[in-house]
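> Right, I'll just put the structure down here and ask away after.
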Amino acid sequence: MNEYTDSLQPPLKKAKLDEADMFMTIDKYIDLIASTDKPLKVVLDEVVSAPLPITKVCIGHIKDVKAISKTVLLLNEKMPLRELQHLKRVRKQEIVLCPSSYLKDTSIKQYLAGCDEKLTEIFDSFKEADVPMLPPKLKSQFDDTRKYWPCNFHPDKYLEKLFSDNVFSADENKLHRLYMRMVFVVTKWFCERTGISIGHVNSNRVSKDLNVTVIVDPSINSVVAISTDNRLKHPIQHSVMLAIDNVARTQKGGAWDIDHKLDDDAFIDLELLNFLKMEFRNVKFGHRKFVSKRDSSNNGIEVLDQDGPYLCTGYYVYMLREPCVMCSMGLVHARARRIFFCFDNEEDGALKSKAKLQTVASLNHHFEVFTGFL
Ligand SMILES: [Zn+2]
């Protein structure tokens, strides 16, 4: 492990000043992470929970109540609401006709005539009204829509839970905190061995040259891979990228030659693993065994699970700091299910600080992101 220290002369000078403080701080963090029961917070697009934007529509007052159903059928055929499908079309004798923006140079009567002559005789008056521009996703937004116009609403229990303070049960919270505590214990182990400073105390300015990643398979509650950081020697060997590479090794892949010895079952540095097994006696280490169809048919091997995961499918990833754009995209490609981090990375964090990749609709995989450990 001494290779790390060779390239670290300038940061070491600074580290010496803070050393005593720094280790005390990590110990404090280690205690705090496990002892507090503050609920974790999801990092989502604020737009999801923000008040719905409002738009204007033209409303017609129908002369004959008995003609409502027929009229709605005719309107749905000739004047479908398209982007306003979430609105209920009728409120008592009032019917939503079209967005006001459709009537730039024409009156509503002319517009109705253009759609179908039969529509011109049905209404006795028209008015403009405010309505929600987007469908309500949360119950609080749905309640707000009542002020304007009735909306269709399909409650999403999971989304409601994500926006509450109770995303996780007390036991789940405890487990997430246990794995985050492991991240800090590994950080301390790594810092002590390499002389890298974790950064200043009492702030989120953790050294930008350091991250630590613990990857867990929640289906068997076992630590699958742990990686510290090697970015000072290799520009893209951030701990997340190394951890994903170690997960790939559990699936007979892996791109990088690592010069320290890894355990064959849990792809973790052997010395670190032995240390962690003492520190975390109740935590399991190791991955599920997968045998590819090709191997099983050729060699008559008993198949334990043919549908092994693709890289991090279903896995939880615990990190000291919010990952950068490269690492976050790596986690998207690796299909991680949930990401947990402790410190914001205000410089180039891609899950909260500078961007929120988990909210980019055009990406083909989305994970959930949680923070709020301290
Ligand atoms: Zn990174």
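Quick note on naming: the chains in the structure tokens go A, B, ... in the order shown, residues restart at 1 in each chain, and ligands are numbered from 1 in order of appearance.
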Grab me every residue within 6 Å of ligand 1, counting only C-alpha atoms and all ligand atoms, and send it over as a PyMOL selection string.

chain A and resi 238+323-324+326-327

> Could you write out, as number ranges by chain, all the residues of region 81-318 of chain A that DSSP marks as helix (DSSP H, G or I)?

A: 82-84, 100-103, 108-115, 117-121, 139-145, 157-162, 170-194, 239-249, 270-279, 293-299

> So which one's closest to Phe168 (chain A), A:Pro39, A:Gly330, A:Gly372, A:Pro136? Using only C-alpha atoms, please.

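Counting only C-alpha atoms, the residue closest to Phe168 (chain A) is A:Pro39.
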
> Using only C-alpha atoms, can you tell me which of A:Glu347, A:Glu128, A:Asp37, A:Asp245 comes closest to Ala225 (chain A)?

A:Asp245

> From the set A:Ile339, A:Leu311, A:Leu175, A:Val90, which residue has the shortest atom-to-atom contact distance to Ser35 (chain A), counting only C-alpha atoms?

A:Leu175

> Skip Phe142 (chain A) itself and residues of its chain fewer than 5 positions away, then list as a list of chain:residue names all residues within 9 Å of it, counting only C-alpha atoms.

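Those residues are A:Pro135, A:Pro136, A:Lys137, A:Pro150, A:Cys151, A:Asn152, A:Phe153.
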
> How about saving the chosen residues, N, CA, C and O atoms kept, as a PDB file, in the first residue's frame?


ATOM      1  N   PRO A 135     -50.199  16.718 -14.357  1.00  0.00           N
ATOM      2  CA  PRO A 135     -50.950  15.840 -13.445  1.00  0.00           C
ATOM      3  C   PRO A 135     -50.347  15.833 -12.043  1.00  0.00           C
ATOM      4  O   PRO A 135     -49.124  15.855 -11.901  1.00  0.00           O
ATOM      5  N   PRO A 136     -51.186  15.824 -11.000  1.00  0.00           N
ATOM      6  CA  PRO A 136     -50.645  15.743  -9.633  1.00  0.00           C
ATOM      7  C   PRO A 136     -50.016  14.374  -9.404  1.00  0.00           C
ATOM      8  O   PRO A 136     -50.575  13.360  -9.825  1.00  0.00           O
ATOM      9  N   LYS A 137     -48.834  14.361  -8.782  1.00  0.00           N
ATOM     10  CA  LYS A 137     -48.178  13.082  -8.491  1.00  0.00           C
ATOM     11  C   LYS A 137     -48.308  12.719  -7.013  1.00  0.00           C
ATOM     12  O   LYS A 137     -48.288  11.565  -6.647  1.00  0.00           O
ATOM     13  N   PRO A 150     -61.259  19.928 -11.039  1.00  0.00           N
ATOM     14  CA  PRO A 150     -61.079  18.516 -10.668  1.00  0.00           C
ATOM     15  C   PRO A 150     -60.090  17.792 -11.595  1.00  0.00           C
ATOM     16  O   PRO A 150     -60.109  18.018 -12.809  1.00  0.00           O
ATOM     17  N   CYS A 151     -59.250  16.973 -10.990  1.00  0.00           N
ATOM     18  CA  CYS A 151     -58.226  16.245 -11.756  1.00  0.00           C
ATOM     19  C   CYS A 151     -58.352  14.751 -11.501  1.00  0.00           C
ATOM     20  O   CYS A 151     -58.838  14.325 -10.458  1.00  0.00           O
ATOM     21  N   ASN A 152     -57.869  13.955 -12.446  1.00  0.00           N
ATOM     22  CA  ASN A 152     -57.703  12.527 -12.202  1.00  0.00           C
ATOM     23  C   ASN A 152     -56.437  12.361 -11.378  1.00  0.00           C
ATOM     24  O   ASN A 152     -55.472  13.085 -11.581  1.00  0.00           O
ATOM     25  N   PHE A 153     -56.459  11.406 -10.461  1.00  0.00           N
ATOM     26  CA  PHE A 153     -55.280  11.200  -9.614  1.00  0.00           C
ATOM     27  C   PHE A 153     -55.134   9.734  -9.275  1.00  0.00           C
ATOM     28  O   PHE A 153     -56.092   9.088  -8.844  1.00  0.00           O
TER      29      PHE A 153
END

> Calculated over only C-alpha atoms, which of the candidates A:Ile26, A:Val216, A:His234, A:Ala248 has the smallest distance to Glu192 (chain A)?

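Nearest candidate to Glu192 (chain A) out of A:Ile26, A:Val216, A:His234, A:Ala248: A:Ile26.
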
> Which polymer residues have any atom within 10 Å of an atom of Ala34 (chain A), counting only C-alpha atoms, with same-chain residues fewer than 2 positions away left out, as number ranges by chain?

A: 29-32, 36-37, 173-182, 373-374

> Those residues you just picked out, can you put them in a file as a short mmCIF file (atom, residue, chain, number, x, y, z; two decimals), in the first residue's frame with C-alpha atoms?


data_model
loop_
_atom_site.label_atom_id
_atom_site.label_comp_id
_atom_site.auth_asym_id
_atom_site.auth_seq_id
_atom_site.Cartn_x
_atom_site.Cartn_y
_atom_site.Cartn_z
CA TYR A 29 -18.22 10.41 12.69
CA ILE A 30 -17.99 6.66 13.20
CA ASP A 31 -19.86 7.00 16.51
CA LEU A 32 -22.35 9.50 15.20
CA THR A 36 -28.15 8.72 15.54
CA ASP A 37 -31.52 7.58 14.25
CA ASN A 173 -32.28 2.79 8.81
CA LYS A 174 -30.06 0.96 11.26
CA LEU A 175 -28.74 -1.30 8.52
CA HIS A 176 -27.96 1.59 6.15
CA ARG A 177 -26.16 3.34 9.01
CA LEU A 178 -24.19 0.20 9.75
CA TYR A 179 -22.88 0.04 6.16
CA MET A 180 -22.15 3.78 6.18
CA ARG A 181 -20.28 3.29 9.43
CA MET A 182 -18.23 0.68 7.59
CA PHE A 373 -26.58 10.48 7.68
CA LEU A 374 -25.27 13.32 9.84
#

> Residues at most 10 Å from Glu121 (chain A), counting only C-alpha atoms, excluding those fewer than 6 positions away in the same chain, as a PyMOL selection string?

chain A and resi 62-63+109+112-113

> Dump N, CA, C and O atoms for the selected residues as a short mmCIF file (atom, residue, chain, number, x, y, z; two decimals), in the first residue's frame?


data_model
loop_
_atom_site.label_atom_id
_atom_site.label_comp_id
_atom_site.auth_asym_id
_atom_site.auth_seq_id
_atom_site.Cartn_x
_atom_site.Cartn_y
_atom_site.Cartn_z
N ILE A 62 -72.81 24.49 -20.51
CA ILE A 62 -73.73 23.76 -21.39
C ILE A 62 -75.18 24.15 -21.10
O ILE A 62 -75.56 24.37 -19.94
N LYS A 63 -75.99 24.28 -22.17
CA LYS A 63 -77.39 24.70 -21.98
C LYS A 63 -78.21 23.58 -21.34
O LYS A 63 -78.96 23.80 -20.41
N LYS A 109 -66.10 30.61 -30.37
CA LYS A 109 -67.22 30.18 -31.25
C LYS A 109 -66.68 29.75 -32.61
O LYS A 109 -67.08 28.72 -33.14
N LEU A 112 -64.88 26.40 -32.24
CA LEU A 112 -65.80 25.26 -32.13
C LEU A 112 -66.37 24.93 -33.51
O LEU A 112 -66.43 23.76 -33.89
N ALA A 113 -66.74 25.97 -34.24
CA ALA A 113 -67.31 25.75 -35.58
C ALA A 113 -66.31 25.04 -36.48
O ALA A 113 -66.67 24.17 -37.27
#

> Just checking: using only C-alpha atoms, which residue out of A:Val57, A:Val212, A:Cys115, A:Ala170 ends up closest to Phe190 (chain A)?

A:Val212

> Residues within 12 Å of Arg82 (chain A), please, as a ChimeraX atom specification. Count only C-alpha atoms; anything in the same chain fewer than 4 positions from it doesn't count.

/A:75-78,86-87,89,97-99,133-134

> Considering only C-alpha atoms, can you say which of A:Glu271, A:Asp257, A:Asp171, A:Glu117 comes closest to Arg193 (chain A)?

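The answer is A:Glu271, which sits nearest to Arg193 (chain A).
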
> Excluding Val65 (chain A) and any residue of its chain fewer than 6 positions from it, enumerate the residues within 10 Å of it, using only C-alpha atoms, and give them as a PDB file with all heavy atoms, in the first residue's frame.


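Output (out-v3.pdb):
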ATOM      1  N   LYS A  92     -70.032  20.010 -12.964  1.00  0.00           N
ATOM      2  CA  LYS A  92     -71.450  20.414 -13.031  1.00  0.00           C
ATOM      3  C   LYS A  92     -71.859  20.701 -14.476  1.00  0.00           C
ATOM      4  O   LYS A  92     -71.783  19.814 -15.307  1.00  0.00           O
ATOM      5  CB  LYS A  92     -71.711  21.597 -12.097  1.00  0.00           C
ATOM      6  CG  LYS A  92     -71.547  21.202 -10.641  1.00  0.00           C
ATOM      7  CD  LYS A  92     -71.787  22.345  -9.706  1.00  0.00           C
ATOM      8  CE  LYS A  92     -71.568  21.863  -8.283  1.00  0.00           C
ATOM      9  NZ  LYS A  92     -71.441  22.971  -7.357  1.00  0.00           N
ATOM     10  N   GLN A  93     -72.193  21.975 -14.808  1.00  0.00           N
ATOM     11  CA  GLN A  93     -72.604  22.259 -16.196  1.00  0.00           C
ATOM     12  C   GLN A  93     -71.454  22.850 -17.009  1.00  0.00           C
ATOM     13  O   GLN A  93     -71.660  23.340 -18.113  1.00  0.00           O
ATOM     14  CB  GLN A  93     -73.801  23.207 -16.201  1.00  0.00           C
ATOM     15  CG  GLN A  93     -75.132  22.446 -16.145  1.00  0.00           C
ATOM     16  CD  GLN A  93     -76.325  23.367 -16.187  1.00  0.00           C
ATOM     17  OE1 GLN A  93     -76.857  23.739 -15.142  1.00  0.00           O
ATOM     18  NE2 GLN A  93     -76.762  23.755 -17.374  1.00  0.00           N
ATOM     19  N   GLU A  94     -70.269  22.832 -16.430  1.00  0.00           N
ATOM     20  CA  GLU A  94     -69.122  23.431 -17.123  1.00  0.00           C
ATOM     21  C   GLU A  94     -68.254  22.342 -17.773  1.00  0.00           C
ATOM     22  O   GLU A  94     -68.030  21.292 -17.167  1.00  0.00           O
ATOM     23  CB  GLU A  94     -68.283  24.233 -16.141  1.00  0.00           C
ATOM     24  CG  GLU A  94     -69.012  25.460 -15.600  1.00  0.00           C
ATOM     25  CD  GLU A  94     -68.164  26.221 -14.574  1.00  0.00           C
ATOM     26  OE1 GLU A  94     -67.444  25.569 -13.810  1.00  0.00           O
ATOM     27  OE2 GLU A  94     -68.227  27.455 -14.580  1.00  0.00           O
TER      28      GLU A  94
END

> Tell me, which residues of region 156-279 of chain A carry DSSP strand (DSSP E or B), written as a compact mmCIF listing (two decimals) with N, CA, C and O atoms, in the first residue's frame?


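See result_39.txt below for the written result:
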# COMPACT_ATOMS: atom_id res chain seq x y z
N GLY A 199 -9.61 15.59 5.33
CA GLY A 199 -10.05 16.95 5.07
C GLY A 199 -10.32 17.67 6.37
O GLY A 199 -10.01 17.18 7.45
N VAL A 206 -14.69 17.37 2.62
CA VAL A 206 -13.84 16.20 2.70
C VAL A 206 -12.89 16.25 1.51
O VAL A 206 -13.26 16.69 0.44
N THR A 213 -15.92 3.33 -1.15
CA THR A 213 -17.18 2.74 -1.61
C THR A 213 -17.37 1.33 -1.05
O THR A 213 -16.45 0.51 -1.11
N VAL A 214 -18.54 1.09 -0.51
CA VAL A 214 -18.91 -0.25 -0.03
C VAL A 214 -20.15 -0.68 -0.82
O VAL A 214 -21.14 0.06 -0.85
N ILE A 215 -20.08 -1.82 -1.49
CA ILE A 215 -21.23 -2.29 -2.29
C ILE A 215 -21.84 -3.52 -1.62
O ILE A 215 -21.12 -4.46 -1.26
N VAL A 216 -23.16 -3.45 -1.45
CA VAL A 216 -23.88 -4.49 -0.68
C VAL A 216 -24.95 -5.14 -1.57
O VAL A 216 -25.63 -4.45 -2.33
N ASP A 217 -25.06 -6.46 -1.46
CA ASP A 217 -26.17 -7.16 -2.11
C ASP A 217 -27.26 -7.30 -1.05
O ASP A 217 -27.14 -8.12 -0.13
N SER A 222 -25.15 -8.87 2.25
CA SER A 222 -23.73 -9.20 2.29
C SER A 222 -22.92 -8.17 1.52
O SER A 222 -23.37 -7.65 0.50
N VAL A 223 -21.74 -7.86 2.06
CA VAL A 223 -20.86 -6.90 1.39
C VAL A 223 -20.14 -7.61 0.23
O VAL A 223 -19.46 -8.61 0.43
N VAL A 224 -20.35 -7.09 -0.98
CA VAL A 224 -19.84 -7.75 -2.19
C VAL A 224 -18.47 -7.18 -2.58
O VAL A 224 -17.59 -7.92 -3.03
N ALA A 225 -18.29 -5.88 -2.42
CA ALA A 225 -17.02 -5.26 -2.82
C ALA A 225 -16.80 -3.99 -2.01
O ALA A 225 -17.75 -3.31 -1.63
N ILE A 226 -15.53 -3.71 -1.76
CA ILE A 226 -15.16 -2.45 -1.10
C ILE A 226 -13.96 -1.91 -1.86
O ILE A 226 -13.05 -2.68 -2.20
N SER A 227 -13.97 -0.62 -2.16
CA SER A 227 -12.77 -0.05 -2.76
C SER A 227 -12.46 1.30 -2.17
O SER A 227 -13.36 2.11 -1.92
N LEU A 262 -6.69 -9.55 -3.43
CA LEU A 262 -8.10 -9.48 -3.10
C LEU A 262 -8.60 -10.84 -2.66
O LEU A 262 -8.11 -11.87 -3.12
N PHE A 267 -14.71 -9.37 -3.03
CA PHE A 267 -13.56 -8.78 -3.72
C PHE A 267 -13.11 -7.52 -2.98
O PHE A 267 -13.38 -6.40 -3.35
N ASP A 269 -9.72 -6.03 -0.51
CA ASP A 269 -8.33 -6.19 -0.10
C ASP A 269 -8.27 -7.13 1.11
O ASP A 269 -8.99 -6.93 2.10
